[in-house]
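Asks: My structure file my_file-v4.csv, CSV, C-alpha atoms, is below:
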```csv
chain,number,residue,atom,x,y,z
A,102,MET,CA,16.2,18.9,-20.4
A,103,LYS,CA,13.4,19.4,-18.0
A,104,ASP,CA,13.0,23.1,-18.7
A,105,LYS,CA,12.9,22.6,-22.5
A,106,LEU,CA,10.5,19.6,-22.1
A,107,GLN,CA,8.3,21.6,-19.9
A,108,SER,CA,8.1,24.3,-22.4
A,109,ASP,CA,7.2,21.9,-25.2
A,110,LEU,CA,4.6,20.1,-23.2
A,111,SER,CA,3.0,23.3,-22.0
A,112,GLU,CA,2.2,24.8,-25.4
A,113,LEU,CA,1.3,28.5,-24.9
A,114,ALA,CA,-1.3,28.4,-27.5
A,115,ASN,CA,-5.1,29.0,-27.5
A,116,PRO,CA,-7.4,28.3,-25.7
A,117,THR,CA,-6.4,29.8,-22.4
A,118,TYR,CA,-7.8,26.8,-20.5
A,119,SER,CA,-5.2,24.5,-22.2
A,120,ARG,CA,-2.4,26.5,-20.6
A,121,VAL,CA,-4.1,26.3,-17.3
A,122,ARG,CA,-4.7,22.6,-17.7
A,123,GLU,CA,-1.1,21.8,-18.5
A,124,LYS,CA,0.2,23.8,-15.5
A,125,LEU,CA,-2.5,22.4,-13.1
A,126,ARG,CA,-1.6,18.9,-14.2
A,127,GLU,CA,2.0,19.5,-13.6
A,128,ASP,CA,1.3,21.0,-10.2
A,129,ILE,CA,-0.7,17.9,-9.2
A,130,LEU,CA,1.8,15.4,-10.5
A,131,SER,CA,4.8,17.2,-9.0
A,132,GLY,CA,3.1,17.2,-5.6
A,133,TYR,CA,2.4,20.9,-5.3
A,134,PHE,CA,-1.2,19.9,-4.7
A,135,ILE,CA,-1.3,16.8,-2.5
A,136,SER,CA,-3.6,13.8,-2.6
A,137,GLY,CA,-7.1,14.6,-1.4
A,138,GLU,CA,-6.6,18.3,-1.4
A,139,ARG,CA,-9.6,20.4,-2.3
A,140,LEU,CA,-9.0,22.8,-5.2
A,141,LYS,CA,-10.7,26.1,-4.6
A,142,ILE,CA,-11.6,28.2,-7.7
A,143,ALA,CA,-10.6,31.5,-6.1
A,144,GLU,CA,-7.2,30.3,-5.1
A,145,LEU,CA,-6.6,28.8,-8.6
A,146,VAL,CA,-7.7,32.1,-10.2
A,147,GLU,CA,-5.0,33.8,-8.1
A,148,ARG,CA,-2.3,31.3,-8.8
A,149,TYR,CA,-2.8,31.1,-12.6
A,150,LYS,CA,-3.9,34.7,-13.1
A,151,VAL,CA,-6.9,33.9,-15.2
A,152,SER,CA,-10.7,34.1,-14.9
A,153,GLN,CA,-12.9,31.4,-13.5
A,154,MET,CA,-14.0,30.0,-16.8
A,155,PRO,CA,-10.7,28.5,-18.0
A,156,ILE,CA,-10.2,27.2,-14.5
A,157,ARG,CA,-13.5,25.4,-14.5
A,158,GLU,CA,-12.8,24.0,-18.0
A,159,ALA,CA,-9.3,22.8,-17.0
A,160,LEU,CA,-10.8,21.0,-13.9
A,161,GLN,CA,-13.3,19.2,-16.1
A,162,GLN,CA,-10.6,18.1,-18.5
A,163,LEU,CA,-8.4,16.8,-15.7
A,164,GLN,CA,-11.4,15.0,-14.2
A,165,GLY,CA,-11.6,13.2,-17.5
A,166,GLU,CA,-8.0,12.2,-17.2
A,167,GLY,CA,-8.7,10.8,-13.7
A,168,LEU,CA,-6.5,13.2,-11.8
A,169,LEU,CA,-9.4,15.0,-10.1
A,170,ILE,CA,-12.7,14.0,-8.6
A,171,ILE,CA,-15.5,16.6,-8.8
A,172,GLU,CA,-18.5,16.1,-6.6
A,173,PRO,CA,-21.7,18.2,-6.5
A,174,ASN,CA,-21.6,20.9,-3.8
A,175,LYS,CA,-18.1,19.8,-2.8
A,176,GLY,CA,-16.0,20.9,-5.7
A,177,ALA,CA,-12.8,19.3,-7.0
A,178,HIS,CA,-10.2,17.4,-5.0
A,179,VAL,CA,-7.0,15.7,-6.1
A,180,ARG,CA,-7.0,12.0,-6.7
A,181,LYS,CA,-4.1,10.0,-5.4
A,182,VAL,CA,-1.7,9.2,-8.1
A,183,ASP,CA,-0.3,5.9,-6.8
A,184,ARG,CA,1.0,2.7,-8.3
A,185,GLN,CA,-2.5,1.2,-8.7
A,186,PHE,CA,-3.7,4.3,-10.6
A,187,LEU,CA,-0.9,4.1,-13.1
A,188,GLU,CA,-1.1,0.3,-13.4
A,189,SER,CA,-4.8,0.7,-14.2
A,190,ILE,CA,-4.1,3.3,-16.9
A,191,TYR,CA,-1.4,1.2,-18.5
A,192,GLU,CA,-3.5,-2.0,-18.4
A,193,ILE,CA,-6.3,-0.2,-20.4
A,194,ARG,CA,-3.7,1.4,-22.7
A,195,GLN,CA,-2.1,-2.0,-23.4
A,196,LEU,CA,-5.4,-3.5,-24.5
A,197,ILE,CA,-6.3,-0.6,-26.8
A,198,GLU,CA,-2.7,-0.1,-28.2
A,199,VAL,CA,-2.3,-3.7,-29.0
A,200,TYR,CA,-5.7,-3.9,-30.7
A,201,LEU,CA,-5.1,-0.7,-32.8
A,202,THR,CA,-1.7,-1.8,-33.8
A,203,VAL,CA,-3.0,-5.1,-35.1
A,204,LYS,CA,-6.1,-3.5,-36.7
A,205,CYS,CA,-4.0,-0.9,-38.6
A,206,ILE,CA,-2.6,-3.7,-40.8
A,207,ASP,CA,-5.9,-3.8,-42.6
A,208,ASN,CA,-5.4,-0.3,-43.9
A,209,LEU,CA,-1.6,-0.1,-44.0
A,210,LYS,CA,-0.1,1.2,-47.2
A,211,GLU,CA,3.5,1.5,-48.4
A,212,LYS,CA,3.3,5.3,-47.9
A,213,ASP,CA,2.4,4.7,-44.3
A,214,LEU,CA,5.3,2.4,-43.7
A,215,LYS,CA,7.6,5.0,-45.4
A,216,LEU,CA,6.3,7.7,-43.0
A,217,LEU,CA,6.7,5.4,-39.9
A,218,ASN,CA,10.3,4.6,-40.9
A,219,GLN,CA,11.0,8.3,-41.4
A,220,ILE,CA,9.7,9.0,-37.9
A,221,GLN,CA,11.7,6.2,-36.4
A,222,LYS,CA,14.8,7.4,-38.1
A,223,SER,CA,14.3,10.8,-36.6
A,224,TYR,CA,13.6,9.3,-33.2
A,225,GLU,CA,16.9,7.4,-33.4
A,226,ALA,CA,18.8,10.6,-34.4
A,227,ALA,CA,17.2,12.5,-31.5
A,228,ALA,CA,18.1,9.7,-29.1
A,229,SER,CA,21.7,9.7,-30.2
A,230,LYS,CA,21.8,13.4,-29.2
A,231,GLU,CA,20.0,12.7,-25.9
A,232,ASP,CA,17.3,15.1,-27.1
A,233,TYR,CA,14.6,13.6,-24.9
A,234,THR,CA,12.1,16.3,-25.7
A,235,THR,CA,12.1,15.5,-29.4
A,236,CYS,CA,12.1,11.8,-28.5
A,237,LEU,CA,8.8,12.2,-26.6
A,238,GLN,CA,7.3,14.1,-29.5
A,239,LEU,CA,8.4,11.6,-32.1
A,240,ASN,CA,7.3,8.6,-30.0
A,241,ARG,CA,3.8,10.1,-29.8
A,242,ARG,CA,3.8,10.8,-33.5
A,243,PHE,CA,5.0,7.2,-34.3
A,244,HIS,CA,2.2,5.6,-32.3
A,245,SER,CA,-0.5,8.1,-33.3
A,246,THR,CA,0.3,7.4,-37.0
A,247,ILE,CA,-0.3,3.7,-36.4
A,248,TYR,CA,-3.4,4.1,-34.3
A,249,GLU,CA,-5.1,6.5,-36.7
A,250,LEU,CA,-4.9,3.8,-39.4
A,251,ALA,CA,-7.1,1.5,-37.3
A,252,ASN,CA,-10.1,3.8,-37.9
A,253,ASN,CA,-11.3,3.5,-34.3
A,254,SER,CA,-11.8,7.1,-33.0
A,255,GLU,CA,-13.1,5.9,-29.6
A,256,GLY,CA,-10.0,3.9,-28.9
A,257,LEU,CA,-7.8,6.7,-30.1
A,258,GLN,CA,-9.6,9.2,-27.9
A,259,ILE,CA,-8.9,7.2,-24.8
A,260,LEU,CA,-5.2,7.0,-25.6
A,261,GLU,CA,-5.0,10.7,-26.5
A,262,LYS,CA,-6.5,11.5,-23.1
A,263,HIS,CA,-3.5,9.9,-21.3
A,264,TRP,CA,-0.7,11.2,-23.5
A,265,GLN,CA,-0.1,14.5,-21.7
A,266,LEU,CA,-0.5,12.8,-18.3
A,267,ILE,CA,2.2,10.3,-19.1
A,268,ASN,CA,4.5,12.9,-20.7
A,269,THR,CA,4.1,15.2,-17.7
A,270,LEU,CA,5.1,12.3,-15.5
A,271,ARG,CA,8.1,11.7,-17.7
A,272,LEU,CA,9.0,15.4,-17.3
A,273,THR,CA,8.8,15.1,-13.6
A,274,TYR,CA,10.5,11.7,-13.0
A,275,GLY,CA,12.5,11.0,-16.2
A,276,PHE,CA,13.6,7.7,-17.9
A,277,GLY,CA,15.7,4.8,-17.0
A,278,SER,CA,19.2,4.9,-18.4
A,279,LYS,CA,18.5,2.2,-21.0
A,280,ARG,CA,14.9,3.1,-21.8
A,281,THR,CA,15.6,5.1,-25.0
A,282,THR,CA,17.6,2.2,-26.4
A,283,GLU,CA,14.8,-0.2,-25.5
A,284,VAL,CA,12.3,2.0,-27.3
A,285,ILE,CA,14.3,2.0,-30.5
A,286,GLU,CA,14.4,-1.8,-30.4
A,287,GLU,CA,10.7,-2.1,-29.6
A,288,HIS,CA,9.7,0.3,-32.4
A,289,ARG,CA,11.8,-1.6,-34.8
A,290,ALA,CA,10.1,-4.9,-33.8
A,291,ILE,CA,6.7,-3.2,-34.4
A,292,LEU,CA,7.8,-1.9,-37.8
A,293,GLU,CA,9.1,-5.3,-38.8
A,294,ALA,CA,5.7,-6.9,-37.8
A,295,LEU,CA,3.8,-4.3,-39.8
A,296,GLU,CA,6.0,-4.5,-42.8
A,297,SER,CA,5.4,-8.3,-42.9
A,298,ARG,CA,1.7,-7.8,-42.2
A,299,ASN,CA,2.0,-10.3,-39.3
A,300,PRO,CA,-0.8,-9.8,-36.8
A,301,ALA,CA,0.6,-12.2,-34.2
A,302,ALA,CA,4.0,-10.5,-34.3
A,303,ALA,CA,2.4,-7.0,-34.2
A,304,GLU,CA,0.4,-8.1,-31.1
A,305,ALA,CA,3.5,-9.4,-29.3
A,306,ALA,CA,5.7,-6.4,-30.2
A,307,ALA,CA,3.0,-3.9,-29.1
A,308,ALA,CA,2.4,-5.7,-25.9
A,309,ILE,CA,6.1,-5.8,-24.9
A,310,HIS,CA,6.4,-2.1,-25.7
A,311,CYS,CA,3.5,-1.3,-23.3
A,312,VAL,CA,4.7,-3.6,-20.5
A,313,ASN,CA,8.2,-2.1,-20.6
A,314,ALA,CA,7.0,1.5,-20.7
A,315,LYS,CA,4.9,0.8,-17.6
A,316,ALA,CA,7.7,-0.9,-15.8
A,317,ASP,CA,10.2,1.9,-16.5
A,318,LEU,CA,7.9,4.7,-15.4
A,319,LEU,CA,6.9,2.9,-12.2
A,320,ALA,CA,10.6,2.3,-11.5
A,321,GLN,CA,11.4,6.0,-11.9
A,322,MET,CA,8.5,6.8,-9.5
A,323,SER,CA,9.3,4.1,-7.0
A,324,ASP,CA,10.4,6.6,-4.3
A,325,LYS,CA,7.1,8.4,-4.6
A,326,PHE,CA,5.2,5.2,-3.8
A,327,LYS,CA,7.1,4.4,-0.6
```
Starting from the file, give its structure as C-alpha cells.
Replies:
Amino acid sequence: MKDKLQSDLSELANPTYSRVREKLREDILSGYFISGERLKIAELVERYKVSQMPIREALQQLQGEGLLIIEPNKGAHVRKVDRQFLESIYEIRQLIEVYLTVKCIDNLKEKDLKLLNQIQKSYEAAASKEDYTTCLQLNRRFHSTIYELANNSEGLQILEKHWQLINTLRLTYGFGSKRTTEVIEEHRAILEALESRNPAAAEAAAAIHCVNAKADLLAQMSDKFK
C-alpha cells in the first residue's frame, strides 16, 4: 500500500521542482530531516540530483505549506510538525471546508449531484477492495468538486495547499481501522444534505467530517508526539 501510494503522491511529471517538493516534504514528515534542522542547498542538490533552481522553488513552496521557515541570510530550516501545528491546520480547514460546502448549494445542479454520487460510488468500491491509494484520490476529488462550486478561489487555494501535506502524512502514518467506513458514512451525510439543499445539515455534516479526520490522523501520529 505504502509503495503504491507513495508513487501516486509523488507524480513524476513536470516541472522538476514538483518532484523535489514531494520528496522533500516526505523526508521532512518521515523524520529524515529533524525539527529545527537547517537545510543546505548544496546538500539538497546532492541528495536529489538536481540543480539549485528546483531546490529553491521547492523550498519556497514548502514554506507556503508551513513546513519550513526561511529567514534572510540564514536560509531554510525545518519547522516542528507537532500536535499544535496539525490542529491549527485542521481548525483553519474546518472553517473553510464548512463554508464552501454550504456555499456550493447556491450553484449546485443535478449534474453536479450525479457526478458526486458517481465519485462516492467509486470511493466505496475502492474501500471494499482496501485500495487506499484510490480512496485518497477519490476523497480529494469528491471534496474539490464541492468546493469548486462555491466559486471562492482564495478559500480553495488554501485547502489545496494542504492536500499533499495531509496525504503525505497519511502515507507515513496510515489510517485507523474504521476510518474508511466512517468516511463513507460522512460523505453520504454530506450528499444527503446537498441533495435536500439543507444548509444547516450541510454545515453539520461537513464539520463532523473535518473533526473526525483530524482526530484519526492525530491518533495515528500519537507515538510521534510523545
Asks: What does the distance between CA of Gln265 in chain A and CA of Leu237 in chain A come to in Å, to one decimal place?
Replies: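 Separation of CA of Gln265 in chain A and CA of Leu237 in chain A: 10.4 Å.
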Asks: Could you list, as a PyMOL selection string, every residue within 12 Å of Tyr133 in chain A, counting all atoms listed in the file and ignoring same-chain residues fewer than 4 positions away?
Replies: chain A and resi 124-129+138+140+148+179+273
Asks: Just how far from CA of Lys212 in chain A is CA of Ala307 in chain A, in Å to one decimal?
Replies: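 A separation of 20.9 Å between them.
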Asks: How many Å lie between CA of Tyr274 in chain A and CA of Ser323 in chain A, rounded to one decimal?
Replies: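 Distance between the two atoms: 9.8 Å.
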Asks: Skipping near chain neighbours, those fewer than 2 positions away, what residues fall within 10 Å of Ile171 in chain A using all atoms listed in the file, listed as a PyMOL selection string?
Replies: chain A and resi 139-140+160-161+163-164+169+173-180
